[in-house]
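Asks: Structure supplied as upload-v5.cif; contents: mmCIF, C-alpha atoms and all ligand atoms.
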data_data
loop_
_atom_site.group_PDB
_atom_site.id
_atom_site.type_symbol
_atom_site.label_atom_id
_atom_site.label_comp_id
_atom_site.auth_asym_id
_atom_site.auth_seq_id
_atom_site.Cartn_x
_atom_site.Cartn_y
_atom_site.Cartn_z
ATOM 1 C CA MET B 160 0.000 0.000 0.000
ATOM 2 C CA VAL B 161 2.758 2.432 0.967
ATOM 3 C CA ARG B 162 6.274 1.518 -0.029
ATOM 4 C CA VAL B 163 9.008 3.845 1.159
ATOM 5 C CA GLU B 164 12.211 2.895 -0.625
ATOM 6 C CA HIS B 165 15.505 3.965 0.925
ATOM 7 C CA ILE B 166 14.554 7.571 1.385
ATOM 8 C CA THR B 167 17.034 10.250 2.317
ATOM 9 C CA LYS B 168 15.938 13.836 2.817
ATOM 10 C CA GLN B 169 18.317 16.701 3.396
ATOM 11 C CA PHE B 170 17.620 20.327 4.124
ATOM 12 C CA SER B 171 19.965 23.164 3.478
ATOM 13 C CA MET B 172 20.666 25.273 6.504
ATOM 14 C CA ARG B 173 20.225 28.809 5.425
ATOM 15 C CA HIS B 174 21.622 30.489 8.494
ATOM 16 C CA ASP B 175 24.017 33.364 8.038
ATOM 17 C CA HIS B 176 27.460 32.723 9.359
ATOM 18 C CA SER B 177 29.092 35.463 11.329
ATOM 19 C CA LEU B 178 32.420 36.842 10.195
ATOM 20 C CA LYS B 179 34.010 35.243 13.247
ATOM 21 C CA GLU B 180 32.663 31.806 12.315
ATOM 22 C CA LEU B 181 33.847 32.207 8.750
ATOM 23 C CA VAL B 182 37.343 33.230 9.848
ATOM 24 C CA PHE B 183 37.573 30.360 12.325
ATOM 25 C CA SER B 184 36.378 27.789 9.838
ATOM 26 C CA ALA B 185 38.857 29.089 7.257
ATOM 27 C CA LEU B 186 41.685 28.930 9.793
ATOM 28 C CA GLN B 187 40.749 25.412 10.834
ATOM 29 C CA ARG B 188 40.165 24.440 7.206
ATOM 30 C CA LYS B 189 36.833 23.049 8.335
ATOM 31 C CA LYS B 190 33.821 23.303 6.144
ATOM 32 C CA LEU B 191 30.743 24.787 7.828
ATOM 33 C CA ALA B 192 27.928 22.301 7.749
ATOM 34 C CA ASP B 193 25.372 23.556 5.271
ATOM 35 C CA THR B 194 23.100 20.566 4.922
ATOM 36 C CA PHE B 195 21.164 18.651 7.511
ATOM 37 C CA THR B 196 19.984 15.071 6.996
ATOM 38 C CA ALA B 197 16.429 14.882 8.369
ATOM 39 C CA LEU B 198 15.774 11.358 7.046
ATOM 40 C CA HIS B 199 18.526 8.847 6.555
ATOM 41 C CA ASP B 200 17.911 5.818 4.334
ATOM 42 C CA ILE B 201 14.378 5.079 5.551
ATOM 43 C CA ASP B 202 13.022 1.850 4.118
ATOM 44 C CA VAL B 203 9.590 0.725 5.204
ATOM 45 C CA THR B 204 6.436 -0.882 3.834
ATOM 46 C CA VAL B 205 2.942 -0.237 5.205
ATOM 47 C CA HIS B 206 0.473 -2.918 4.175
ATOM 48 C CA ALA B 207 -3.191 -2.385 3.393
ATOM 49 C CA GLY B 208 -5.309 -2.259 6.534
ATOM 50 C CA GLU B 209 -2.449 -1.579 8.923
ATOM 51 C CA THR B 210 -2.502 1.238 11.475
ATOM 52 C CA VAL B 211 1.085 2.281 11.886
ATOM 53 C CA GLY B 212 2.230 4.678 14.592
ATOM 54 C CA LEU B 213 5.235 6.907 14.129
ATOM 55 C CA ILE B 214 6.922 8.060 17.327
ATOM 56 C CA GLY B 215 10.138 9.835 18.234
ATOM 57 C CA PHE B 216 11.425 12.940 19.959
ATOM 58 C CA ASN B 217 11.005 16.477 18.592
ATOM 59 C CA GLY B 218 12.994 16.885 15.412
ATOM 60 C CA SER B 219 13.461 13.148 14.814
ATOM 61 C CA GLY B 220 11.903 13.408 11.336
ATOM 62 C CA LYS B 221 8.309 12.247 11.823
ATOM 63 C CA SER B 222 6.619 15.124 10.029
ATOM 64 C CA THR B 223 9.261 15.086 7.311
ATOM 65 C CA LEU B 224 8.558 11.396 6.671
ATOM 66 C CA LEU B 225 4.800 11.940 6.580
ATOM 67 C CA LYS B 226 5.193 14.898 4.219
ATOM 68 C CA THR B 227 7.392 12.801 1.951
ATOM 69 C CA ILE B 228 4.767 10.027 1.881
ATOM 70 C CA SER B 229 2.003 12.516 1.085
ATOM 71 C CA GLY B 230 4.056 14.099 -1.701
ATOM 72 C CA VAL B 231 4.395 17.522 -0.080
ATOM 73 C CA LEU B 232 8.171 16.985 0.034
ATOM 74 C CA PHE B 233 10.389 15.168 -2.452
ATOM 75 C CA PRO B 234 13.143 12.897 -1.183
ATOM 76 C CA ASP B 235 16.737 13.522 -2.305
ATOM 77 C CA ARG B 236 17.304 9.805 -2.653
ATOM 78 C CA GLY B 237 14.886 6.888 -2.816
ATOM 79 C CA ARG B 238 11.222 6.965 -3.716
ATOM 80 C CA VAL B 239 7.699 6.489 -2.416
ATOM 81 C CA LEU B 240 5.235 4.148 -4.112
ATOM 82 C CA LEU B 241 1.554 4.392 -3.226
ATOM 83 C CA ARG B 242 -1.483 2.370 -4.104
ATOM 84 C CA GLY B 243 -4.681 4.285 -3.391
ATOM 85 C CA ARG B 244 -5.725 7.818 -2.578
ATOM 86 C CA VAL B 245 -3.967 9.617 0.234
ATOM 87 C CA ALA B 246 -5.558 12.167 2.528
ATOM 88 C CA GLY B 247 -3.351 13.755 5.067
ATOM 89 C CA LEU B 248 -3.869 15.927 8.022
ATOM 90 C CA ILE B 249 -0.294 16.988 8.103
ATOM 91 C CA GLU B 250 -0.691 20.253 9.924
ATOM 92 C CA VAL B 251 -3.766 21.795 11.411
ATOM 93 C CA GLY B 252 -5.132 24.226 8.908
ATOM 94 C CA ALA B 253 -2.810 23.338 6.038
ATOM 95 C CA GLY B 254 -4.853 24.044 2.941
ATOM 96 C CA PHE B 255 -7.097 26.500 4.789
ATOM 97 C CA HIS B 256 -7.297 30.127 3.781
ATOM 98 C CA PRO B 257 -7.658 32.620 6.670
ATOM 99 C CA ASP B 258 -9.753 35.133 4.717
ATOM 100 C CA LEU B 259 -12.363 32.587 3.679
ATOM 101 C CA SER B 260 -15.255 31.380 5.782
ATOM 102 C CA GLY B 261 -15.488 27.891 7.227
ATOM 103 C CA ARG B 262 -17.953 26.993 4.486
ATOM 104 C CA GLU B 263 -15.653 28.201 1.698
ATOM 105 C CA ASN B 264 -12.715 26.426 3.278
ATOM 106 C CA VAL B 265 -14.596 23.125 3.355
ATOM 107 C CA TYR B 266 -14.914 23.424 -0.424
ATOM 108 C CA LEU B 267 -11.315 24.568 -0.891
ATOM 109 C CA ASN B 268 -9.881 21.863 1.348
ATOM 110 C CA GLY B 269 -12.173 19.162 -0.032
ATOM 111 C CA ALA B 270 -11.009 20.047 -3.545
ATOM 112 C CA ILE B 271 -7.356 19.942 -2.480
ATOM 113 C CA LEU B 272 -7.976 16.494 -1.009
ATOM 114 C CA GLY B 273 -9.455 15.338 -4.307
ATOM 115 C CA MET B 274 -13.237 15.627 -3.856
ATOM 116 C CA SER B 275 -15.498 16.927 -6.596
ATOM 117 C CA ARG B 276 -17.947 19.780 -5.967
ATOM 118 C CA GLU B 277 -20.869 17.321 -6.040
ATOM 119 C CA GLN B 278 -19.193 15.036 -3.514
ATOM 120 C CA ILE B 279 -18.613 17.963 -1.172
ATOM 121 C CA ASP B 280 -22.218 19.204 -1.631
ATOM 122 C CA GLU B 281 -23.402 15.753 -0.675
ATOM 123 C CA LYS B 282 -21.163 15.474 2.406
ATOM 124 C CA PHE B 283 -21.298 19.119 3.495
ATOM 125 C CA ASP B 284 -23.901 18.785 6.246
ATOM 126 C CA GLU B 285 -22.219 15.694 7.625
ATOM 127 C CA ILE B 286 -18.836 17.442 7.662
ATOM 128 C CA VAL B 287 -20.221 20.432 9.541
ATOM 129 C CA ALA B 288 -22.221 18.256 11.931
ATOM 130 C CA PHE B 289 -19.155 16.200 12.796
ATOM 131 C CA SER B 290 -17.137 19.351 13.485
ATOM 132 C CA GLU B 291 -19.939 20.808 15.669
ATOM 133 C CA ILE B 292 -19.170 24.351 14.571
ATOM 134 C CA GLU B 293 -22.430 25.027 12.705
ATOM 135 C CA GLU B 294 -22.789 28.411 14.372
ATOM 136 C CA PHE B 295 -19.468 29.648 13.007
ATOM 137 C CA ILE B 296 -19.471 28.036 9.584
ATOM 138 C CA ASP B 297 -19.900 31.399 7.853
ATOM 139 C CA THR B 298 -17.256 33.159 9.952
ATOM 140 C CA ASP B 299 -13.779 33.704 8.460
ATOM 141 C CA VAL B 300 -11.510 30.977 9.782
ATOM 142 C CA LYS B 301 -8.930 33.539 10.941
ATOM 143 C CA TYR B 302 -11.274 34.131 13.891
ATOM 144 C CA TYR B 303 -11.441 30.417 14.770
ATOM 145 C CA SER B 304 -9.769 29.029 17.868
ATOM 146 C CA SER B 305 -7.133 26.338 17.222
ATOM 147 C CA GLY B 306 -9.578 23.657 18.340
ATOM 148 C CA MET B 307 -12.260 24.885 15.951
ATOM 149 C CA PHE B 308 -9.715 24.852 13.144
ATOM 150 C CA LEU B 309 -8.761 21.300 13.986
ATOM 151 C CA ARG B 310 -12.388 20.203 14.155
ATOM 152 C CA LEU B 311 -13.164 21.430 10.679
ATOM 153 C CA ALA B 312 -9.885 20.185 9.172
ATOM 154 C CA PHE B 313 -10.246 16.718 10.700
ATOM 155 C CA SER B 314 -13.858 16.536 9.655
ATOM 156 C CA VAL B 315 -13.092 17.353 6.007
ATOM 157 C CA ALA B 316 -10.185 14.901 5.921
ATOM 158 C CA VAL B 317 -12.154 11.923 7.285
ATOM 159 C CA HIS B 318 -15.062 12.610 4.952
ATOM 160 C CA THR B 319 -12.885 12.355 1.836
ATOM 161 C CA GLU B 320 -12.835 8.585 2.423
ATOM 162 C CA PRO B 321 -9.150 8.144 1.693
ATOM 163 C CA ASP B 322 -7.526 4.739 1.196
ATOM 164 C CA ILE B 323 -4.514 5.948 3.118
ATOM 165 C CA PHE B 324 -5.005 8.377 5.972
ATOM 166 C CA LEU B 325 -2.016 10.295 7.336
ATOM 167 C CA VAL B 326 -2.416 12.099 10.653
ATOM 168 C CA ASP B 327 0.256 14.285 12.218
ATOM 169 C CA GLU B 328 -0.071 15.234 15.877
ATOM 170 C CA ILE B 329 -3.365 16.970 15.600
ATOM 171 C CA LEU B 330 -5.647 15.228 18.007
ATOM 172 C CA SER B 331 -4.011 16.888 21.005
ATOM 173 C CA VAL B 332 -5.428 20.273 19.980
ATOM 174 C CA GLY B 333 -9.014 19.109 20.370
ATOM 175 C CA ASP B 334 -10.834 18.937 23.699
ATOM 176 C CA GLU B 335 -11.530 15.564 25.309
ATOM 177 C CA PRO B 336 -14.988 14.954 23.817
ATOM 178 C CA PHE B 337 -13.702 15.752 20.339
ATOM 179 C CA GLN B 338 -10.595 13.594 20.803
ATOM 180 C CA LYS B 339 -12.880 10.700 21.747
ATOM 181 C CA LYS B 340 -14.971 11.322 18.667
ATOM 182 C CA CYS B 341 -11.858 11.403 16.441
ATOM 183 C CA LEU B 342 -10.602 8.169 17.959
ATOM 184 C CA ALA B 343 -13.974 6.529 17.393
ATOM 185 C CA ARG B 344 -13.823 7.678 13.772
ATOM 186 C CA ILE B 345 -10.281 6.363 13.376
ATOM 187 C CA ARG B 346 -11.446 2.994 14.722
ATOM 188 C CA GLU B 347 -14.285 2.968 12.192
ATOM 189 C CA LEU B 348 -11.776 3.575 9.401
ATOM 190 C CA GLN B 349 -9.650 0.766 10.868
ATOM 191 C CA HIS B 350 -12.558 -1.653 10.789
ATOM 192 C CA ALA B 351 -13.351 -0.595 7.249
ATOM 193 C CA GLY B 352 -9.854 -1.774 6.355
ATOM 194 C CA ARG B 353 -8.300 1.635 5.676
ATOM 195 C CA THR B 354 -4.563 2.133 5.998
ATOM 196 C CA MET B 355 -3.295 4.719 8.468
ATOM 197 C CA VAL B 356 -0.060 6.290 9.573
ATOM 198 C CA ILE B 357 -0.411 8.309 12.768
ATOM 199 C CA VAL B 358 2.193 10.583 14.357
ATOM 200 C CA SER B 359 1.696 11.446 18.005
ATOM 201 C CA HIS B 360 3.441 12.103 21.274
ATOM 202 C CA GLU B 361 0.531 10.486 23.108
ATOM 203 C CA LEU B 362 2.250 7.163 23.467
ATOM 204 C CA GLU B 363 -0.432 5.309 25.449
ATOM 205 C CA MET B 364 -3.074 6.271 22.917
ATOM 206 C CA LEU B 365 -0.925 4.999 20.028
ATOM 207 C CA GLU B 366 -0.037 1.840 21.913
ATOM 208 C CA ARG B 367 -3.735 0.994 22.087
ATOM 209 C CA LEU B 368 -4.610 2.128 18.570
ATOM 210 C CA CYS B 369 -1.795 0.823 16.395
ATOM 211 C CA THR B 370 -1.022 -2.593 15.017
ATOM 212 C CA ARG B 371 2.611 -1.612 14.664
ATOM 213 C CA ILE B 372 4.829 1.305 15.676
ATOM 214 C CA LEU B 373 7.984 2.748 14.129
ATOM 215 C CA VAL B 374 10.430 4.601 16.350
ATOM 216 C CA LEU B 375 12.439 7.347 14.677
ATOM 217 C CA ARG B 376 15.630 8.715 16.129
ATOM 218 C CA LYS B 377 17.621 11.428 14.375
ATOM 219 C CA GLY B 378 16.178 10.501 10.999
ATOM 220 C CA GLN B 379 16.623 6.749 11.315
ATOM 221 C CA ILE B 380 14.243 3.941 12.201
ATOM 222 C CA ILE B 381 15.540 2.323 15.382
ATOM 223 C CA PHE B 382 12.553 0.051 15.979
ATOM 224 C CA ASP B 383 9.730 -1.371 13.900
ATOM 225 C CA GLY B 384 7.186 -3.719 15.398
ATOM 226 C CA ASP B 385 5.130 -4.426 18.502
ATOM 227 C CA PRO B 386 3.537 -1.205 19.874
ATOM 228 C CA VAL B 387 4.310 -1.925 23.538
ATOM 229 C CA GLU B 388 7.954 -2.693 22.774
ATOM 230 C CA ALA B 389 8.160 0.387 20.563
ATOM 231 C CA VAL B 390 7.035 2.705 23.341
ATOM 232 C CA ALA B 391 9.441 1.008 25.773
ATOM 233 C CA THR B 392 12.242 1.461 23.222
ATOM 234 C CA LEU B 393 11.534 5.180 22.881
ATOM 235 C CA ARG B 394 11.365 5.644 26.648
ATOM 236 C CA ALA B 395 14.707 3.900 27.061
ATOM 237 C CA THR B 396 16.284 6.242 24.497
ATOM 238 C CA SER B 397 17.844 9.514 25.447
HETATM 239 N N1 LIG B 401 11.812 22.915 5.495
HETATM 240 C C1 LIG B 401 12.826 22.659 6.322
HETATM 241 N N2 LIG B 401 14.009 23.298 6.207
HETATM 242 C C2 LIG B 401 15.034 23.012 7.035
HETATM 243 N N3 LIG B 401 14.986 22.097 8.015
HETATM 244 C C3 LIG B 401 13.830 21.424 8.170
HETATM 245 C C4 LIG B 401 12.692 21.671 7.352
HETATM 246 N N4 LIG B 401 11.697 20.828 7.751
HETATM 247 C C5 LIG B 401 12.203 20.115 8.783
HETATM 248 N N5 LIG B 401 13.488 20.452 9.025
HETATM 249 C C6 LIG B 401 14.364 19.868 10.059
HETATM 250 O O1 LIG B 401 14.283 18.455 9.993
HETATM 251 C C7 LIG B 401 14.290 17.886 11.294
HETATM 252 C C8 LIG B 401 13.094 16.983 11.465
HETATM 253 O O2 LIG B 401 11.925 17.775 11.542
HETATM 254 P P1 LIG B 401 10.469 17.163 11.683
HETATM 255 O O3 LIG B 401 9.514 18.286 11.597
HETATM 256 O O4 LIG B 401 10.327 16.045 10.729
HETATM 257 O O5 LIG B 401 10.509 16.587 13.175
HETATM 258 P P2 LIG B 401 9.366 15.868 13.991
HETATM 259 O O6 LIG B 401 9.858 14.503 14.327
HETATM 260 O O7 LIG B 401 8.071 15.987 13.285
HETATM 261 O O8 LIG B 401 9.357 16.736 15.341
HETATM 262 P P3 LIG B 401 8.127 17.209 16.287
HETATM 263 O O9 LIG B 401 7.924 16.118 17.279
HETATM 264 O O10 LIG B 401 8.692 18.417 16.948
HETATM 265 O O11 LIG B 401 6.944 17.503 15.446
HETATM 266 C C9 LIG B 401 14.333 19.062 12.272
HETATM 267 O O12 LIG B 401 15.658 19.213 12.718
HETATM 268 C C10 LIG B 401 13.918 20.254 11.449
HETATM 269 O O13 LIG B 401 14.568 21.417 11.862
HETATM 270 MG MG MG B 402 6.311 17.058 13.633
#
Take the structure in the file and write it out as structure tokens.
Replies:
Amino acid sequence: MVRVEHITKQFSMRHDHSLKELVFSALQRKKLADTFTALHDIDVTVHAGETVGLIGFNGSGKSTLLKTISGVLFPDRGRVLLRGRVAGLIEVGAGFHPDLSGRENVYLNGAILGMSREQIDEKFDEIVAFSEIEEFIDTDVKYYSSGMFLRLAFSVAVHTEPDIFLVDEILSVGDEPFQKKCLARIRELQHAGRTMVIVSHELEMLERLCTRILVLRKGQIIFDGDPVEAVATLRATS
């Protein structure tokens, strides 16, 4: 379903070096590091129907990997092969326009995620009902709270009925009732045989939800397998 083949992703560091740094590096004949390897030779396959968790400390490369799978970023080496339609909730509000109302953004975001106008018309009421922000649907989203943003974004994403659902650390923004509702929805997708990759720092939640967890450390996979062991592995890492 998702085949990640030996992916390496580097970023260029665009910081300005001070004159002092430049002089020192010249004196020491040392090259100043100008690239940073965020993902190092990642090779992983996610099978249809699996719910895979992705855990690791801040900056370990989780979001970069998810963005590479969704096609937002291109790897420098390796490639990603996908079978099916991907819908990702990579960042809260990605694909939302601040100067448009909630209603307009549902259409914009739905279109970005590959829905036709008719499909969105058909699902519109359901999307709004799930988000529970009916009252504010005609307000510009720049006036939304972060939780309201999340509610609408999550609601659009789950209603696109993706084959592969990518979720990046978003559930924590919602309040407890909405988190429960999202989890229930994720379980429904699980039972319907959808494939999911979920990034979160809520380790207990992932332990319960996932069939398998990958642990990333400094851009490399250091564990791939049983959820309980994965969480223990991360906790034993420093
Ligand atoms: N566009 C970019 N340009 C430069 N560096 C980047 C870029 N995107 C990510 N990085 C770097 O890549 C590394 C991995 O970042 P990433 O966002 O994937 O981490 P993460 O595991 O999602 O962390 P978090 O738990 O904080 O969300 C970080 O060091 C980050 O600074
Ligand atoms: Mg991240």
Asks: Kindly provide the residues of chain B that approach ligand MG 402 (chain B) to within 9 Å, each paired with its closest atom pair and their distance in Å to one decimal, based on all atoms listed in the file, listed by chain and increasing number, as JSON lines.
Replies:
{"residue": "B:Asn217", "atom": "CA", "partner": "B:MG402", "partner_atom": "MG", "distance": 6.9}
{"residue": "B:Gly218", "atom": "CA", "partner": "B:MG402", "partner_atom": "MG", "distance": 6.9}
{"residue": "B:Ser219", "atom": "CA", "partner": "B:MG402", "partner_atom": "MG", "distance": 8.2}
{"residue": "B:Gly220", "atom": "CA", "partner": "B:MG402", "partner_atom": "MG", "distance": 7.1}
{"residue": "B:Lys221", "atom": "CA", "partner": "B:MG402", "partner_atom": "MG", "distance": 5.5}
{"residue": "B:Ser222", "atom": "CA", "partner": "B:MG402", "partner_atom": "MG", "distance": 4.1}
{"residue": "B:Thr223", "atom": "CA", "partner": "B:MG402", "partner_atom": "MG", "distance": 7.2}
{"residue": "B:Leu225", "atom": "CA", "partner": "B:MG402", "partner_atom": "MG", "distance": 8.8}
{"residue": "B:Ile249", "atom": "CA", "partner": "B:MG402", "partner_atom": "MG", "distance": 8.6}
{"residue": "B:Glu250", "atom": "CA", "partner": "B:MG402", "partner_atom": "MG", "distance": 8.5}
{"residue": "B:Asp327", "atom": "CA", "partner": "B:MG402", "partner_atom": "MG", "distance": 6.8}
{"residue": "B:Glu328", "atom": "CA", "partner": "B:MG402", "partner_atom": "MG", "distance": 7.0}
{"residue": "B:Val358", "atom": "CA", "partner": "B:MG402", "partner_atom": "MG", "distance": 7.7}
{"residue": "B:Ser359", "atom": "CA", "partner": "B:MG402", "partner_atom": "MG", "distance": 8.5}
Asks: Please identify the residues whose atoms come within 12 Å of ligand LIG 401 (chain B), using all atoms listed in the file, and report them as a PyMOL selection string.
Replies: chain B and resi 167-174+193-199+213-227+231-233+249-250+326-329+357-361+373-380
Asks: Please report the interatomic distance between CA of Ala207 in chain B and CA of Met160 in chain B in Å with one decimal.
Replies: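 Separating CA of Ala207 in chain B from CA of Met160 in chain B is a distance of 5.2 Å.
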Asks: Could you pull the residues within 9 Å of Gly261 in chain B, counting only C-alpha atoms, minus those fewer than 2 positions along the same chain, as an MDAnalysis selection string?
Replies: chainID B and resid 255 259 263:266 292 295:300 303 308 311
Asks: Kindly save the residues from that selection, with C-alpha atoms included, as a compact mmCIF listing (two decimals), keeping the file's coordinate frame.
Replies:
# COMPACT_ATOMS: atom_id res chain seq x y z
CA PHE B 255 -7.10 26.50 4.79
CA LEU B 259 -12.36 32.59 3.68
CA GLU B 263 -15.65 28.20 1.70
CA ASN B 264 -12.72 26.43 3.28
CA VAL B 265 -14.60 23.12 3.36
CA TYR B 266 -14.91 23.42 -0.42
CA ILE B 292 -19.17 24.35 14.57
CA PHE B 295 -19.47 29.65 13.01
CA ILE B 296 -19.47 28.04 9.58
CA ASP B 297 -19.90 31.40 7.85
CA THR B 298 -17.26 33.16 9.95
CA ASP B 299 -13.78 33.70 8.46
CA VAL B 300 -11.51 30.98 9.78
CA TYR B 303 -11.44 30.42 14.77
CA PHE B 308 -9.72 24.85 13.14
CA LEU B 311 -13.16 21.43 10.68
Asks: Please evaluate the PyMOL selection byres (((chain B and resi 390) around 10) and not hetatm) against the displayed coordinates and give the resulting residues as a list in words.
Replies: Ile214, Gly215, Leu362, Glu363, Leu365, Glu366, Ile372, Leu373, Val374, Phe382, Asp385, Pro386, Val387, Glu388, Ala389, Ala391, Thr392, Leu393, Arg394, Ala395 and Thr396 of chain B
